[in-house]
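First comes the structure, then the notes that go with it.
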Amino acid sequence: MTEPPARRSRRTVRGRRVVPSPSWALLGVLGAVLAAVLLVGAYANASFAPDRQQQTHHGQREVPTTVVSGGPIISSTSDQTRSYRLPPRTVALTFDDGPDPVWTREVLRVLAAHQVPATFFVVGSQVARHPELVRELTADGHEIGVHTFTHPDLAVLPDWRRRMEYTQTQLAIASAAGVRTSLIRFPYSSYAMAIDDLDWPVFAQAGEMGYLSVLNDTDSRDWALPGVDQILTNVTPSGYSGAITLWHDAGGERAQTVTALDRFIPLMKERGYRFVTVSGGLNLALAEAGIDHRVDAGQPASAGERWRGRMLIWGVQGADRTLGWLGVIFLTVGALTVGRTVLLLVLAGRHARRRRAENWAWGPPVTEPVSVIVPAYNEKEGIAAAVRSLAGGDHPGGIEVIVVDDGSTDGTAEIVEALRLPNVRVVRKPNGGKPSALNTGVALARHELIVMVDGDTVFEPDSVRRLVQPFADPQVGAVAGNVKVGNRDSLIAKWQHIEYVIGFNLDRRLYETLRCMSTVPGAIGAFRRQALRYAGGMTDDTLAEDTDITMALGRAGWKVVYEETARAWTEAPATLGQLWKQRYRWSYGTMQAMWKHRRSLLDSGASGRFTRRCLLFLSLFGVLLPLLAPVIDLLALYGLFFLDRTATAVAWLVMLALQTLTAVVAFRLDREKLSVLWVLPLQQFVYRQLMYLVMIQSVTTALTGGRLGWQKLRRTGLTPTPTADPR
């Protein structure tokens with residue numbers, strides 16, 4: 001952090017800087033990079049399937065007879081097609097689907113103990129993940145062959161995709177071992193006699209590319225885990241014929257393979273067999289046939305191939321690490337969500353039950369007079385309704401309303417003066433920001449109990465009276481009221497209504513119980529003048545002056561409580577742009593306040609206890625959870641396309657069910673109608689993503705030390721007059 005955001009914002013903010021718009025270009029680039037990484041991970045994580053899905057045989061009219069009745073090594077070019085068998089008493093051990101960090105090394109241990117070579121047909125994505133194993137294979141004298149990059153059924157892929165599978169595997173091998181190979185084995189291939197017209201174009205294309213296609217004479221079928229004895233029976237050639245034997249060193253648990261291999265090698269040696277690589281066996285066959293040609297399956301790779309292969313390996317490993325971290329984050333978000341839900345249900349429920357007990361009371365009724373401070377900057381749309389609701393409150397001790405016009409240019413002060421309400425005063429001052437306006441109002445207030453109200457907020461007749469009742473407890477320094485969304489007609493407003501009930505009011509029950517209330521809302525909050533004076537009053541150190549003063553009071557040892565029966569109605573932003581500006585300021589201001597009070601974490605006494613609790617919960621549930629929550633949606637999309645769709649849908653529905661349960665509890669406690677919750681599922685697809693972006697950009701601004709001033713939201717004056725209290 002180049003400079004603490006709280007320290008930077010101590011500079012007097014003369015103008016009202018515009019809240020920056022979302023950095024869509026930056027977010028778009030980051031999203032594109034992440035999408036590309038996830039696509040690489042999805043491609044590299046194609047599932048191994050040792051057996052092809054059941055298919056209809058397509059005939060063998062296009063397959064040369066020399067192939068169908070020939071050996072397991074096939075050379076096919078435009079000029080001619082040949083196949084070869086190994087000489088008698090010659091065995092080539094071949095292993096598919098690796099390398100695997102566990103079972104490949106176990107196979108190597110057995111091969112080294114018996115001093116025999118083998119040929120490993122590797123999957124490119126596995127090579128990218130474990131390049132050191134391929135280096136070990138070649139260093140120990142074993143041979144490498146291509147087994148494609150993702151183990152697909154090549155017969156159903158287009159030509160370009162097949163070439164990509166071969167090329168990427170070659171690049172991975174080039175980077176890992178410095179060689180390129182001319183041997184290839186196709187996934188799901190078996191014996192030469194099984195090649196049909198659907199398969200043959202794959203063999204022909206590979207031959208034109210210079211590959212020798214390698215099938216097998218005997219198949220261990222170890223992937224089916226038939227038992228060691230059965231594996232030995234499957235893999236042993238008849239009589240003394242030569243054989244290319246098929247084994248697997250990856251794709252699952254291979255203990256039976258290792259045990260069978262350890263028995264097979266000495267058994268065949270006793271029968272007079274020699275062990276060779278595939279190319280070594282082919283060279284013996286060519287020599288016996290009198291053909292003056294030698295096959296070298298491993299040629300040095302060029303510097304360009306090694307470099308491109310290194311980039312490919314970095315891409316696959318980076319994608320794997322990203323998916324791994326996303327999995328960790330997913331579990332973290334799940335744990336935080338479940339933990340928060342449990343805390344809310346248990347502690348907020350306990351708070352509500354205690355308040356509803358018949359003998360519950362804060363103490364003797366509070367009848368002291370109250371001063372209400374209304375900071376106003378260009379509030380012409382809603383100021384009249386707000387002031388009338390405040391001046392007409394039924395508090396028995398009397399209410400004085402002080403409207404501090406902070407340099408308005410729209411006639412706000414004149415509108416209030418025209419109301420001619422006897423208990424309302426208008427104070428004009430040059431524009432200095434909301435904290436300055438509040439401090440001015442407090443200085444001019446006649447009474448010790450101070451209520452602070454936003455200029456667009458409408459109180460119910462009994463709200464002031466109910467709000468100040470907790471001051472019957474002399475330890476209470478501030479009281480948070482219950483903020484309600486008044487304009488609930490639009491979908492965006494309904495979403496905010498749900499958020500206010502769940503995310504703000506239910507949370508305040510929890511935080512009061514834990515003695516770590518972080519925010520008395522600017523829309524409806526009450527303070528003792530003594531507590532405000534002790535905490536130093538309102539400051540412009542942060543954009544969230546309400547959070548800043550609340551944390552200061554908590555550190556000073558004052559109790560901050562929540563009075564849910566004191567309700568105030570506010571106009572929520574009606575557009576996504578206005579909502580962005582409001583929440584961006586809130587999020588950034590909260591982080592400023594956290595940074596400002598961070599040093600008190602080490603304080604002793606009430607200050608340290610409060611700060612440790614408060615910053616812990618704000619960090620976990622106010623910053624970390626919303627910052628990491630996009631992973632839920634990201635992995636849900638990834639899972640629908642690339643993982644088990646049923647499991648993904650179930651996981652997403654479980655998270656939605658937790659949110660719904662929390663919402664139902666919150667709405668019941670707040671005595672709100674549940675009918676609006678039909679929009680909760682829709683909230684997951686637009687509103688929640690906007691909140692993600694708000695948090696991401698707020699954190700980015702904080703980490704880069706950016707400066708941000710407060711900008712008033714545009715109001716329409718649509719906040720309805722409160723209906724009668726149903727309690």
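In the structure tokens, each chain is lettered A, B, ... as it comes, each chain's residues begin at 1, and ligands are numbered from 1 in order of appearance.
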Any idea what's packed within 8 Å of A:Ala155, counting only C-alpha atoms, ignoring anything in its chain fewer than 6 positions away? Could you give it as a short mmCIF file (atom, residue, chain, number, x, y, z; two decimals) with C-alpha atoms, in the first residue's frame?
```
data_model
loop_
_atom_site.label_atom_id
_atom_site.label_comp_id
_atom_site.auth_asym_id
_atom_site.auth_seq_id
_atom_site.Cartn_x
_atom_site.Cartn_y
_atom_site.Cartn_z
CA LEU A 198 -13.68 -45.45 -38.81
CA ASP A 199 -10.22 -45.93 -37.27
CA PRO A 201 -8.04 -42.55 -41.40
CA VAL A 202 -6.45 -41.84 -38.03
#
```
Item to complete: Write out as an MDAnalysis selection string each polymer residue whose atoms come within 10 Å of A:Ala319, counting only C-alpha atoms; drop sequence neighbours fewer than 3 positions from it.
Response: chainID A and resid 34 36:45 313:316 322:325
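All residues of stretch 81-112 of chain A that DSSP, run on the backbone, classes as strand (DSSP E or B) are Thr81, Arg82, Ser83, Tyr84, Thr90, Val91, Ala92, Leu93, Thr94, Phe95, Asp96, Asp97 and Gly98 of chain A.
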Discussion item. If DSSP is run on the backbone, what residues of stretch 101-300 of chain A are alpha helix (DSSP H)? A reply as a VMD selection string would be ideal.
Written reply: chain A and resid 103 to 114 124 to 129 131 to 139 159 to 177 200 to 208 228 to 235 255 to 270 278 to 288
Serialized selection, C-alpha atoms, as an mmCIF file, in the first residue's frame:
```cif
data_model
loop_
_atom_site.group_PDB
_atom_site.id
_atom_site.type_symbol
_atom_site.label_atom_id
_atom_site.label_comp_id
_atom_site.auth_asym_id
_atom_site.auth_seq_id
_atom_site.Cartn_x
_atom_site.Cartn_y
_atom_site.Cartn_z
ATOM 1 C CA TRP A 103 2.700 -45.564 -10.106
ATOM 2 C CA THR A 104 5.204 -44.594 -12.791
ATOM 3 C CA ARG A 105 7.909 -44.529 -10.151
ATOM 4 C CA GLU A 106 6.752 -47.913 -8.847
ATOM 5 C CA VAL A 107 6.996 -49.330 -12.372
ATOM 6 C CA LEU A 108 10.454 -47.787 -12.784
ATOM 7 C CA ARG A 109 11.538 -49.407 -9.535
ATOM 8 C CA VAL A 110 10.545 -52.859 -10.841
ATOM 9 C CA LEU A 111 12.168 -52.268 -14.231
ATOM 10 C CA ALA A 112 15.388 -51.115 -12.594
ATOM 11 C CA ALA A 113 15.416 -54.128 -10.286
ATOM 12 C CA HIS A 114 15.201 -56.493 -13.271
ATOM 13 C CA GLY A 124 0.828 -34.793 -22.926
ATOM 14 C CA SER A 125 -1.153 -33.146 -20.159
ATOM 15 C CA GLN A 126 0.432 -35.519 -17.658
ATOM 16 C CA VAL A 127 3.865 -34.778 -19.073
ATOM 17 C CA ALA A 128 3.164 -31.076 -18.519
ATOM 18 C CA ARG A 129 2.268 -31.783 -14.916
ATOM 19 C CA PRO A 131 8.032 -33.294 -16.618
ATOM 20 C CA GLU A 132 10.632 -34.563 -14.159
ATOM 21 C CA LEU A 133 9.269 -38.096 -14.559
ATOM 22 C CA VAL A 134 9.763 -38.000 -18.325
ATOM 23 C CA ARG A 135 13.336 -36.851 -17.787
ATOM 24 C CA GLU A 136 13.855 -39.825 -15.475
ATOM 25 C CA LEU A 137 12.399 -42.206 -18.061
ATOM 26 C CA THR A 138 14.756 -41.114 -20.813
ATOM 27 C CA ALA A 139 17.725 -40.892 -18.447
ATOM 28 C CA ASP A 159 -8.074 -33.525 -38.474
ATOM 29 C CA TRP A 160 -6.937 -30.215 -36.947
ATOM 30 C CA ARG A 161 -7.776 -31.390 -33.448
ATOM 31 C CA ARG A 162 -5.848 -34.634 -33.939
ATOM 32 C CA ARG A 163 -2.799 -32.723 -35.139
ATOM 33 C CA MET A 164 -3.073 -30.448 -32.100
ATOM 34 C CA GLU A 165 -3.181 -33.481 -29.792
ATOM 35 C CA TYR A 166 0.021 -34.865 -31.337
ATOM 36 C CA THR A 167 1.852 -31.539 -31.561
ATOM 37 C CA GLN A 168 1.146 -30.491 -27.986
ATOM 38 C CA THR A 169 2.337 -33.835 -26.657
ATOM 39 C CA GLN A 170 5.517 -33.576 -28.707
ATOM 40 C CA LEU A 171 6.160 -30.084 -27.341
ATOM 41 C CA ALA A 172 5.647 -31.250 -23.759
ATOM 42 C CA ILE A 173 8.080 -34.161 -24.335
ATOM 43 C CA ALA A 174 10.569 -31.808 -26.001
ATOM 44 C CA SER A 175 10.577 -29.492 -22.998
ATOM 45 C CA ALA A 176 10.691 -32.298 -20.444
ATOM 46 C CA ALA A 177 13.283 -34.590 -22.052
ATOM 47 C CA TRP A 200 -8.127 -46.265 -40.406
ATOM 48 C CA PRO A 201 -8.043 -42.549 -41.403
ATOM 49 C CA VAL A 202 -6.447 -41.837 -38.027
ATOM 50 C CA PHE A 203 -3.658 -44.340 -38.737
ATOM 51 C CA ALA A 204 -3.219 -43.051 -42.284
ATOM 52 C CA GLN A 205 -2.961 -39.438 -41.158
ATOM 53 C CA ALA A 206 -0.429 -40.303 -38.455
ATOM 54 C CA GLY A 207 1.653 -42.212 -40.978
ATOM 55 C CA GLU A 208 1.708 -39.206 -43.317
ATOM 56 C CA VAL A 228 -2.494 -60.440 -10.521
ATOM 57 C CA ASP A 229 -2.921 -63.992 -11.831
ATOM 58 C CA GLN A 230 -5.404 -62.902 -14.476
ATOM 59 C CA ILE A 231 -3.144 -60.046 -15.568
ATOM 60 C CA LEU A 232 -0.312 -62.551 -16.058
ATOM 61 C CA THR A 233 -2.584 -64.808 -18.086
ATOM 62 C CA ASN A 234 -3.746 -61.885 -20.237
ATOM 63 C CA VAL A 235 -0.284 -60.561 -20.967
ATOM 64 C CA ALA A 255 -0.775 -52.014 -7.328
ATOM 65 C CA GLN A 256 -1.855 -55.154 -9.208
ATOM 66 C CA THR A 257 0.071 -53.965 -12.268
ATOM 67 C CA VAL A 258 3.269 -53.496 -10.299
ATOM 68 C CA THR A 259 2.995 -56.896 -8.610
ATOM 69 C CA ALA A 260 2.191 -58.664 -11.889
ATOM 70 C CA LEU A 261 5.074 -56.927 -13.636
ATOM 71 C CA ASP A 262 7.465 -58.012 -10.920
ATOM 72 C CA ARG A 263 6.429 -61.630 -11.551
ATOM 73 C CA PHE A 264 6.111 -61.418 -15.344
ATOM 74 C CA ILE A 265 9.658 -60.297 -16.109
ATOM 75 C CA PRO A 266 11.503 -63.212 -14.408
ATOM 76 C CA LEU A 267 8.880 -65.639 -15.717
ATOM 77 C CA MET A 268 9.574 -64.605 -19.310
ATOM 78 C CA LYS A 269 13.327 -64.568 -18.792
ATOM 79 C CA GLU A 270 13.125 -68.180 -17.611
ATOM 80 C CA VAL A 278 9.463 -50.964 -29.314
ATOM 81 C CA SER A 279 12.027 -49.382 -31.653
ATOM 82 C CA GLY A 280 14.659 -51.856 -30.494
ATOM 83 C CA GLY A 281 12.346 -54.756 -31.280
ATOM 84 C CA LEU A 282 11.465 -53.239 -34.658
ATOM 85 C CA ASN A 283 15.146 -52.908 -35.546
ATOM 86 C CA LEU A 284 15.665 -56.580 -34.699
ATOM 87 C CA ALA A 285 12.719 -57.496 -36.931
ATOM 88 C CA LEU A 286 14.096 -55.361 -39.778
ATOM 89 C CA ALA A 287 17.542 -56.934 -39.432
ATOM 90 C CA GLU A 288 16.111 -60.447 -39.488
#
```
Worksheet item: Using only C-alpha atoms, which residue out of A:Val295, A:Ala352, A:Val333, A:Met452 lies closest to A:Val370?
Response: A:Met452
Would you mind listing what lies within 7 Å of stretch 432-434 of chain A as an mmCIF file with all heavy atoms, in the first residue's frame, with only C-alpha atoms counted and same-chain residues fewer than 3 positions away left out?
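That gives us around08.cif:
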```
data_model
loop_
_atom_site.group_PDB
_atom_site.id
_atom_site.type_symbol
_atom_site.label_atom_id
_atom_site.label_comp_id
_atom_site.auth_asym_id
_atom_site.auth_seq_id
_atom_site.Cartn_x
_atom_site.Cartn_y
_atom_site.Cartn_z
ATOM 1 N N ARG A 14 -12.196 19.572 -0.743
ATOM 2 C CA ARG A 14 -12.957 20.782 -1.052
ATOM 3 C C ARG A 14 -14.077 20.504 -2.045
ATOM 4 O O ARG A 14 -15.192 20.959 -1.904
ATOM 5 C CB ARG A 14 -12.014 21.846 -1.631
ATOM 6 C CG ARG A 14 -10.964 22.307 -0.623
ATOM 7 C CD ARG A 14 -11.605 23.013 0.535
ATOM 8 N NE ARG A 14 -10.593 23.498 1.476
ATOM 9 C CZ ARG A 14 -10.888 24.045 2.638
ATOM 10 N NH1 ARG A 14 -12.153 24.146 3.019
ATOM 11 N NH2 ARG A 14 -9.935 24.457 3.430
ATOM 12 N N PRO A 375 -27.812 16.774 8.050
ATOM 13 C CA PRO A 375 -26.888 17.379 7.084
ATOM 14 C C PRO A 375 -27.505 17.296 5.695
ATOM 15 O O PRO A 375 -27.997 16.246 5.286
ATOM 16 C CB PRO A 375 -25.636 16.507 7.198
ATOM 17 C CG PRO A 375 -26.151 15.171 7.609
ATOM 18 C CD PRO A 375 -27.371 15.425 8.465
ATOM 19 N N ASP A 406 -25.315 22.406 3.692
ATOM 20 C CA ASP A 406 -23.873 22.382 3.439
ATOM 21 C C ASP A 406 -23.572 22.916 2.039
ATOM 22 O O ASP A 406 -23.032 22.209 1.188
ATOM 23 C CB ASP A 406 -23.346 20.952 3.596
ATOM 24 C CG ASP A 406 -21.828 20.890 3.611
ATOM 25 O OD1 ASP A 406 -21.197 21.780 4.200
ATOM 26 O OD2 ASP A 406 -21.271 19.943 3.004
ATOM 27 N N ALA A 437 -20.675 19.178 8.347
ATOM 28 C CA ALA A 437 -22.063 19.567 8.593
ATOM 29 C C ALA A 437 -22.591 18.948 9.881
ATOM 30 O O ALA A 437 -23.298 19.602 10.663
ATOM 31 C CB ALA A 437 -22.929 19.146 7.408
ATOM 32 N N LEU A 438 -22.256 17.691 10.125
ATOM 33 C CA LEU A 438 -22.709 17.033 11.354
ATOM 34 C C LEU A 438 -22.102 17.694 12.583
ATOM 35 O O LEU A 438 -22.796 17.917 13.594
ATOM 36 C CB LEU A 438 -22.346 15.549 11.305
ATOM 37 C CG LEU A 438 -23.160 14.693 10.332
ATOM 38 C CD1 LEU A 438 -22.549 13.305 10.187
ATOM 39 C CD2 LEU A 438 -24.616 14.575 10.800
#
```
Worksheet, complete the sentence: From atom CA of A:Gly239 to atom CA of A:Phe120 the spacing works out at 25.5 Å
Worksheet item: Which value, in Å to one decimal, gives the distance between atom CA of A:Pro474 and atom CA of A:Trp558?
Response: 9.2 Å
Practice prompt. Name the residues in contact with A:Leu212 at a cut-off of 9 Å, using only C-alpha atoms, excluding same-chain residues fewer than 6 positions from it; report them as a VMD selection string.
Written response: chain A and resid 73 to 76 182 to 185 203 206 297
I want to know what sits within 10 Å of stretch 340-346 of chain A, based on only C-alpha atoms, with residues of the same chain fewer than 3 positions away left out; could you give that as a compact mmCIF listing (two decimals) with N, CA, C and O atoms, in the first residue's frame?
```txt
# COMPACT_ATOMS: atom_id res chain seq x y z
N GLY A 334 -17.37 -21.39 1.34
CA GLY A 334 -18.40 -22.25 1.91
C GLY A 334 -18.36 -22.26 3.42
O GLY A 334 -19.41 -22.15 4.09
N ALA A 335 -17.15 -22.36 3.98
CA ALA A 335 -17.01 -22.37 5.44
C ALA A 335 -17.45 -21.04 6.04
O ALA A 335 -18.14 -21.00 7.07
N LEU A 336 -17.04 -19.92 5.40
CA LEU A 336 -17.45 -18.61 5.90
C LEU A 336 -18.96 -18.43 5.81
O LEU A 336 -19.59 -17.89 6.73
N THR A 337 -19.55 -18.89 4.70
CA THR A 337 -21.00 -18.75 4.53
C THR A 337 -21.76 -19.57 5.56
O THR A 337 -22.71 -19.07 6.20
N GLY A 349 -30.99 -14.83 16.55
CA GLY A 349 -32.23 -15.38 17.09
C GLY A 349 -32.33 -15.18 18.60
O GLY A 349 -33.39 -14.84 19.13
N ARG A 350 -31.20 -15.39 19.29
CA ARG A 350 -31.19 -15.17 20.74
C ARG A 350 -31.47 -13.70 21.06
O ARG A 350 -32.21 -13.37 21.99
N HIS A 351 -30.89 -12.79 20.26
CA HIS A 351 -31.12 -11.36 20.46
C HIS A 351 -32.60 -11.02 20.31
O HIS A 351 -33.18 -10.29 21.13
N ILE A 502 -31.42 -8.47 5.45
CA ILE A 502 -30.51 -9.57 5.79
C ILE A 502 -29.13 -9.04 6.18
O ILE A 502 -28.63 -9.28 7.28
N LEU A 506 -30.07 -7.76 10.21
CA LEU A 506 -29.79 -9.03 10.89
C LEU A 506 -28.37 -9.05 11.42
O LEU A 506 -28.11 -9.54 12.53
N ASP A 507 -27.45 -8.50 10.64
CA ASP A 507 -26.06 -8.43 11.11
C ASP A 507 -25.94 -7.60 12.38
O ASP A 507 -25.14 -7.93 13.27
N ARG A 508 -26.72 -6.53 12.48
CA ARG A 508 -26.60 -5.67 13.66
C ARG A 508 -27.05 -6.39 14.93
O ARG A 508 -26.54 -6.14 16.01
N ARG A 509 -27.99 -7.30 14.81
CA ARG A 509 -28.37 -8.11 15.97
C ARG A 509 -27.18 -8.96 16.41
O ARG A 509 -26.90 -9.11 17.61
N LEU A 510 -26.50 -9.54 15.40
CA LEU A 510 -25.33 -10.36 15.71
C LEU A 510 -24.23 -9.53 16.35
O LEU A 510 -23.66 -9.92 17.37
N TYR A 511 -23.92 -8.37 15.76
CA TYR A 511 -22.81 -7.57 16.25
C TYR A 511 -23.09 -6.98 17.63
O TYR A 511 -22.17 -6.82 18.43
N PHE A 617 -14.51 -9.64 12.32
CA PHE A 617 -15.76 -9.88 11.61
C PHE A 617 -15.87 -9.05 10.33
O PHE A 617 -16.38 -9.53 9.31
N LEU A 620 -13.55 -10.80 7.78
CA LEU A 620 -14.06 -12.07 7.28
C LEU A 620 -15.33 -11.90 6.47
O LEU A 620 -15.43 -12.40 5.34
N PHE A 621 -16.31 -11.19 7.04
CA PHE A 621 -17.64 -11.14 6.42
C PHE A 621 -17.89 -9.88 5.59
O PHE A 621 -18.77 -9.87 4.74
N LEU A 625 -15.23 -12.40 2.51
CA LEU A 625 -16.31 -13.20 1.93
C LEU A 625 -16.84 -12.60 0.62
O LEU A 625 -16.92 -13.31 -0.38
N LEU A 658 -29.11 -21.93 1.78
CA LEU A 658 -28.60 -21.26 2.98
C LEU A 658 -28.99 -19.79 2.98
O LEU A 658 -29.40 -19.24 4.02
N GLN A 659 -28.84 -19.14 1.83
CA GLN A 659 -29.23 -17.74 1.73
C GLN A 659 -30.73 -17.57 1.96
O GLN A 659 -31.16 -16.63 2.63
N LEU A 661 -32.73 -19.54 3.68
CA LEU A 661 -33.02 -19.77 5.09
C LEU A 661 -32.70 -18.53 5.91
O LEU A 661 -33.50 -18.10 6.77
N THR A 662 -31.54 -17.94 5.66
CA THR A 662 -31.16 -16.72 6.37
C THR A 662 -32.16 -15.60 6.08
O THR A 662 -32.55 -14.85 6.99
N VAL A 665 -35.48 -16.14 8.01
CA VAL A 665 -35.31 -15.79 9.43
C VAL A 665 -35.26 -14.28 9.61
O VAL A 665 -35.93 -13.71 10.49
N ALA A 666 -34.46 -13.61 8.77
CA ALA A 666 -34.34 -12.15 8.88
C ALA A 666 -35.67 -11.46 8.66
O ALA A 666 -36.04 -10.53 9.39
```
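Atom pair atom CA of A:Tyr692 / atom CA of A:Ala629 has a distance of 7.5 Å (rounded to one decimal).
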